[in-house]
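Asker: Got a structure for you, written out below as structure tokens; questions coming shortly.
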Amino acid sequence: MLLEQRLYPSDGDTMTPTPMTQTRSSAALQTARVAHVAAVAAALFGIAPQLLAQNPFPVQRIASAVSSAPRNVTYTKDIAPILQKNCQQCHQPGSIAPMSLLSYEDAKKYSSRIKTKVSQRLMPPWHIDKTVGIQLFKNDASLTDAEIATVVNWVDAGAPLGDAKDMPAAAKFPDPNRWQLAEKLGQQPDLIIKSKPYTLAARTQDKWFKPVVETGLTEPRWVRAIEVKPARDQDRKIVHHVLAYLMQDEQGGVTGLASTAHDHQTNAGLFMEWAVGKTGQVFPDDAGKLMLPGSRIRWEVHMHAIGEEFKDSQVEMAVYFYPKGYVPKHRTVLRMFDVSRGTELDIPPHEKTINQNFYVLPAPARLENFQPHMHMRGKAMALEAIYPDGRKEIISQVSNFQWNWHINYIYASDVAPLLPKGTMLSFTAWHDNTSANPLNPDASQWIGWGDRTVDEMAHNWIDVTYLEQDEFDKMVAERKAKTVKKVVP
């Protein structure tokens, strides 16, 4: 079956613009569809080069920008500001990056590697496909095409220093292991919950530590933000991911859930998930999660050995509450949308595979984010909405998934998908088990679903906010009105 037929089973009419994303013409939408298919086909399956000519892929746009950009780029005037804004928070001593980029000497030493990572959009870690779907996010960490061209030109010119008077003052960065959402919210966490300690041997199989701890709450509180991280800097080397389940009894179903979803959403979902690349989640002003007195947290901490013993490793979670007495309109639910159909992943040696799964929304909903989860052979993941009237729209796609960066792409408020009841969410996951995949440890292995890093997964963590029908209709109308306003001269 052709790739386009897999992605778009029925051709139908070109989808019309919706209030979900920026308004686009039918021609532009058709171009986006062709580009989407061509890009994925070329990257994963080696489809003929003539298809690529139809694809306005970022690499092509960057190459054009490089050829036309001025060549007198210097570190002091052009590169240092880019590094300060986008790179140095991680690339400093004591943070998670493997080398520092605080000085000119550092940047020049690693200039070739910087060019490669930046030009391929591997760094800064932001792997959303920029040719399709929603492009406005609250946490966009990517470089612009112009910034990438600047970096590439600087390296190609021999990494010149430039005039010392153009050098910006050294940036001052807070503790890289701090609670990062505290700055954004303007407050320290209201509650910090730690796991029990665990000592990981230097050489051992992957471990899943599942302690249960008390929250200590004595009254109900609504949560506006949650952040999870390893407790110590060095523990980031061994913690692959963390799941935090909130254990509490809620009488009469999920408190605060829209009535439209009560018969379908029977649990509160996962409380929070963390993996390298994810900071946490700040919920929209009208949504949150509820914690009750006597509640507990059941942790699931996935650790992997690296040849060095780690004593008393812990993870911790910061919880930020709404003011006492405040009750948000909506209860958001962190759902795992499984693309692997349980444990059905089947990836033969030296092969590339496609898996799909489908979910029908039982009630009107707003999707808050897009967070693919796969392992070393994961290559790409896409989410497409198939509306009750037959229209289709690509919501988001990661086309160059990097298993060691599990980025949570948080939609900007004005474009977070508003989906009617009956919308089918179509998830597609691609895996590459060939030697051409640089992250693949062994292309000769037959790979299936499993918890270990060397096994595979395919799912997507999405915070779903279910809505009452009248609320949904109002939100859609307001967004349409804003869109019309923008296009009126």
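Quick note on naming: the chains in the structure tokens go A, B, ... in the order shown, residues restart at 1 in each chain, and ligands are numbered from 1 in order of appearance.
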Which range 129-200 of chain A residues have any atom within 9 Å of an atom of range 286-305 of chain A, and for each, what is the nearest pair of atoms with distance in Å to one decimal, counting only C-alpha atoms, rows sorted by chain and number, as JSON lines?
Answerer:
```
{"residue": "A:Ile193", "atom": "CA", "partner": "A:Ile297", "partner_atom": "CA", "distance": 8.3}
{"residue": "A:Ser195", "atom": "CA", "partner": "A:Trp299", "partner_atom": "CA", "distance": 6.9}
{"residue": "A:Leu200", "atom": "CA", "partner": "A:Ala305", "partner_atom": "CA", "distance": 6.9}
```
Asker: Convert the current residue selection to file output with N, CA and C atoms, as a PDB file, in the first residue's frame.
Answerer:
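The resulting file, again-v4.pdb, is reproduced below:
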```pdb
ATOM      1  N   ILE A 193       7.035  16.467  47.004  1.00  0.00           N
ATOM      2  CA  ILE A 193       6.888  15.061  47.372  1.00  0.00           C
ATOM      3  C   ILE A 193       8.081  14.294  46.816  1.00  0.00           C
ATOM      4  N   SER A 195      10.304  10.612  46.338  1.00  0.00           N
ATOM      5  CA  SER A 195      10.237   9.152  46.380  1.00  0.00           C
ATOM      6  C   SER A 195      11.134   8.638  47.500  1.00  0.00           C
ATOM      7  N   LEU A 200      21.290   2.172  42.895  1.00  0.00           N
ATOM      8  CA  LEU A 200      21.424   1.437  41.642  1.00  0.00           C
ATOM      9  C   LEU A 200      22.848   0.937  41.497  1.00  0.00           C
TER      10      LEU A 200
END
```
Asker: Residues within 8 Å of His406 in chain A, please, as a list in words. Count only C-alpha atoms; anything in the same chain fewer than 2 positions from it doesn't count.
Answerer: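 Everything that qualifies: Ala275, Val276, Gly277, Lys278, Gln371, Pro372, His373, Gln402, Trp403, Asn404 and Asn408 of chain A.
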Asker: Dump N, CA and C atoms for the selected residues as a compact mmCIF listing (two decimals), in the first residue's frame?
Answerer:
```txt
# COMPACT_ATOMS: atom_id res chain seq x y z
N ALA A 275 10.35 12.75 31.56
CA ALA A 275 11.48 12.13 30.87
C ALA A 275 12.41 13.27 30.47
N VAL A 276 13.63 12.93 30.09
CA VAL A 276 14.60 13.96 29.74
C VAL A 276 14.04 14.83 28.63
N GLY A 277 14.05 16.12 28.84
CA GLY A 277 13.49 17.06 27.87
C GLY A 277 12.19 17.68 28.31
N LYS A 278 11.58 17.12 29.35
CA LYS A 278 10.30 17.66 29.83
C LYS A 278 10.50 18.36 31.16
N GLN A 371 2.96 14.86 23.11
CA GLN A 371 4.22 14.34 23.63
C GLN A 371 4.41 12.88 23.23
N PRO A 372 5.09 12.64 22.08
CA PRO A 372 5.35 11.26 21.66
C PRO A 372 6.34 10.57 22.59
N HIS A 373 6.15 9.26 22.75
CA HIS A 373 7.08 8.46 23.55
C HIS A 373 7.42 7.19 22.78
N GLN A 402 13.92 11.87 18.68
CA GLN A 402 15.18 11.54 19.36
C GLN A 402 14.82 10.95 20.73
N TRP A 403 15.13 9.68 20.92
CA TRP A 403 14.63 8.97 22.09
C TRP A 403 15.15 9.55 23.40
N ASN A 404 16.29 10.23 23.36
CA ASN A 404 16.83 10.80 24.60
C ASN A 404 16.34 12.22 24.87
N ASN A 408 7.79 17.76 25.49
CA ASN A 408 6.35 17.98 25.63
C ASN A 408 6.02 19.27 24.89
```
Asker: Find the residue from A:Val152, A:Ala159, A:Ile226, A:Ala171 that sits nearest to Leu185 in chain A; use only C-alpha atoms when measuring.
Answerer: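 Residue with the minimum atom-to-atom distance to Leu185 in chain A: A:Ile226.
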Asker: Nearest residue to Pro160 in chain A out of A:Gln84, A:Asn72, A:Ser119, A:Gln135, using only C-alpha atoms?
Answerer: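 The answer is A:Asn72, which sits nearest to Pro160 in chain A.
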Asker: Tell me which protein, DNA and RNA residues are within 12 Å of Leu425 in chain A, counting only C-alpha atoms, leaving out same-chain ones fewer than 6 positions away, and put them as a list in words.
Answerer: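 Everything that qualifies: Phe337, Asp338, Val339, Gln356, Asn357, Phe358, Tyr359, Val360, Leu361, Pro362, Ala365, Leu367, Ala382, Leu383, Glu384, Ala385, Ile386, Tyr387, Pro388, Lys392, Glu393, Ile394, Ile395, Ser396, Pro417, Leu419, Asn460 and Ile462 of chain A.
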Asker: For Leu136 in chain A, please output as a PDB file with N, CA and C atoms, in the first residue's frame all residues within 8 Å (counting only C-alpha atoms; exclusion window: fewer than 6 positions along the same chain).
Answerer:
```pdb
ATOM      1  N   TYR A 411       0.668  23.383  23.382  1.00  0.00           N
ATOM      2  CA  TYR A 411       0.028  24.283  22.433  1.00  0.00           C
ATOM      3  C   TYR A 411      -0.250  25.652  23.053  1.00  0.00           C
ATOM      4  N   ALA A 412      -0.068  26.708  22.248  1.00  0.00           N
ATOM      5  CA  ALA A 412      -0.471  28.051  22.667  1.00  0.00           C
ATOM      6  C   ALA A 412      -1.994  28.070  22.818  1.00  0.00           C
ATOM      7  N   VAL A 415      -4.488  28.247  19.838  1.00  0.00           N
ATOM      8  CA  VAL A 415      -4.491  27.213  18.796  1.00  0.00           C
ATOM      9  C   VAL A 415      -4.635  25.805  19.354  1.00  0.00           C
TER      10      VAL A 415
END
```
Asker: Report the distance between CA of Val151 in chain A and CA of His127 in chain A in Å, rounded to one decimal place.
Answerer: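 Straight-line distance from CA of Val151 in chain A to CA of His127 in chain A works out to 18.3 Å.
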Asker: Find the distance between CA of Ala157 in chain A and CA of Asp145 in chain A and write it in Å to one decimal.
Answerer: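 Spanning CA of Ala157 in chain A to CA of Asp145 in chain A is a straight-line distance of 18.2 Å.
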